[in-house]
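Enquirer: A single structure is presented below for examination.
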Amino acid sequence: MSNHADSYLLNDLLKKIAARRIFEKLGQTKTRAFLKKVLEISNKYDCNQNEVLEDLGKKLGICKECLRFDKNIKEDLCPKCQIEWGI
């Protein structure tokens, strides 16, 4: 069973970080590395990656599934993942 409460806690924290434009200052490479670390930690606590990254794809230009940066993010997914998810 997924740890939904902590998934959304992390999501709220990441949204606050994004609102302060910290990811822009970090750049894509460091942002992606940071998000990967957050997800590694969240997995230890049985969090759900899609909930952790929910509503951040468009803001950050990053796919919540594969963590690729793309300008064509739709529903938090890059074009490749959109096809895989049937969107």
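In the structure tokens, the first chain shown is A, the next is B, and so on; residue numbers restart at 1 for each chain, and ligands run from 1 in the order shown.
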Which polymer residues have any atom within 10 Å of an atom of range 29-32 of chain A, counting only C-alpha atoms, with same-chain residues fewer than 3 positions away left out, as a ChimeraX atom specification?

Expert: /A:22-26,35-38,60,62,67-69

Enquirer: Convert the current residue selection to file output with N, CA and C atoms, as a short mmCIF file (atom, residue, chain, number, x, y, z; two decimals), in the first residue's frame.

Expert:
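As written to disk, again.cif reads:
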data_model
loop_
_atom_site.label_atom_id
_atom_site.label_comp_id
_atom_site.auth_asym_id
_atom_site.auth_seq_id
_atom_site.Cartn_x
_atom_site.Cartn_y
_atom_site.Cartn_z
N ILE A 22 13.81 28.06 -7.21
CA ILE A 22 15.09 27.45 -6.88
C ILE A 22 15.54 26.49 -7.98
N PHE A 23 14.58 25.78 -8.58
CA PHE A 23 14.94 24.86 -9.65
C PHE A 23 15.52 25.59 -10.85
N GLU A 24 15.02 26.77 -11.13
CA GLU A 24 15.56 27.57 -12.23
C GLU A 24 17.02 27.91 -11.96
N LYS A 25 17.32 28.23 -10.71
CA LYS A 25 18.70 28.56 -10.34
C LYS A 25 19.61 27.34 -10.40
N LEU A 26 19.06 26.17 -10.09
CA LEU A 26 19.85 24.95 -10.14
C LEU A 26 20.16 24.51 -11.57
N LEU A 35 15.73 15.74 -7.90
CA LEU A 35 14.46 15.03 -7.92
C LEU A 35 14.67 13.52 -7.84
N LYS A 36 15.71 13.01 -8.49
CA LYS A 36 16.01 11.58 -8.40
C LYS A 36 16.32 11.19 -6.96
N LYS A 37 17.07 12.03 -6.25
CA LYS A 37 17.39 11.75 -4.85
C LYS A 37 16.13 11.78 -3.99
N VAL A 38 15.28 12.77 -4.22
CA VAL A 38 14.02 12.86 -3.49
C VAL A 38 13.20 11.59 -3.71
N LEU A 60 7.91 22.68 -14.23
CA LEU A 60 9.34 22.45 -14.35
C LEU A 60 9.77 22.00 -15.74
N ILE A 62 9.33 18.94 -16.81
CA ILE A 62 9.92 17.62 -16.60
C ILE A 62 8.81 16.58 -16.51
N LEU A 67 11.39 11.51 -15.88
CA LEU A 67 12.23 12.64 -15.45
C LEU A 67 13.02 13.28 -16.59
N ARG A 68 12.50 13.16 -17.82
CA ARG A 68 13.11 13.85 -18.95
C ARG A 68 12.56 15.27 -19.03
N PHE A 69 13.42 16.20 -19.38
CA PHE A 69 12.96 17.56 -19.61
C PHE A 69 12.42 17.65 -21.03
#

Enquirer: If you run DSSP on the backbone here, which positions in range 18-67 of chain A get alpha helix (DSSP H)? Please write them as a PyMOL selection string.

Expert: chain A and resi 18-19+22-44+49-52+57-60

Enquirer: Which one of A:Tyr8, A:Glu51, A:Asp46, A:Lys59 sits closest to Arg21 in chain A if you count only C-alpha atoms?

Expert: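 Ranking A:Tyr8, A:Glu51, A:Asp46, A:Lys59 by distance to Arg21 in chain A, first place goes to A:Lys59.
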
Enquirer: Of the candidates A:Val52, A:Ala33, A:Leu14, A:Cys81, which shows the shortest atom-to-atom distance to Cys66 in chain A, using only C-alpha atoms?

Expert: A:Cys81

Enquirer: Would you mind telling me which residue in A:Trp85, A:Gly57, A:Leu10, A:Lys15 lies nearest to Ile73 in chain A when using only C-alpha atoms?

Expert: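 The shortest atom-to-atom distance to Ile73 in chain A comes from A:Gly57.
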
Enquirer: Neighbours of Ser2 in chain A within 9 Å (only C-alpha atoms; same-chain residues fewer than 5 positions away dropped), as JSON, numbers by chain?

Expert: {"A": [7, 45, 46, 47, 48]}

Enquirer: Applying 8 Å and only C-alpha atoms, which residues near Lys64 in chain A remain after dropping the ones on its own chain fewer than 4 positions away? List them as a list in words.

Expert: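 Neighbouring residues, sequence-local ones excluded: Gln49, Asn50, Leu53, Glu54, Leu56, Gly57, Asp76 and Leu77 of chain A.
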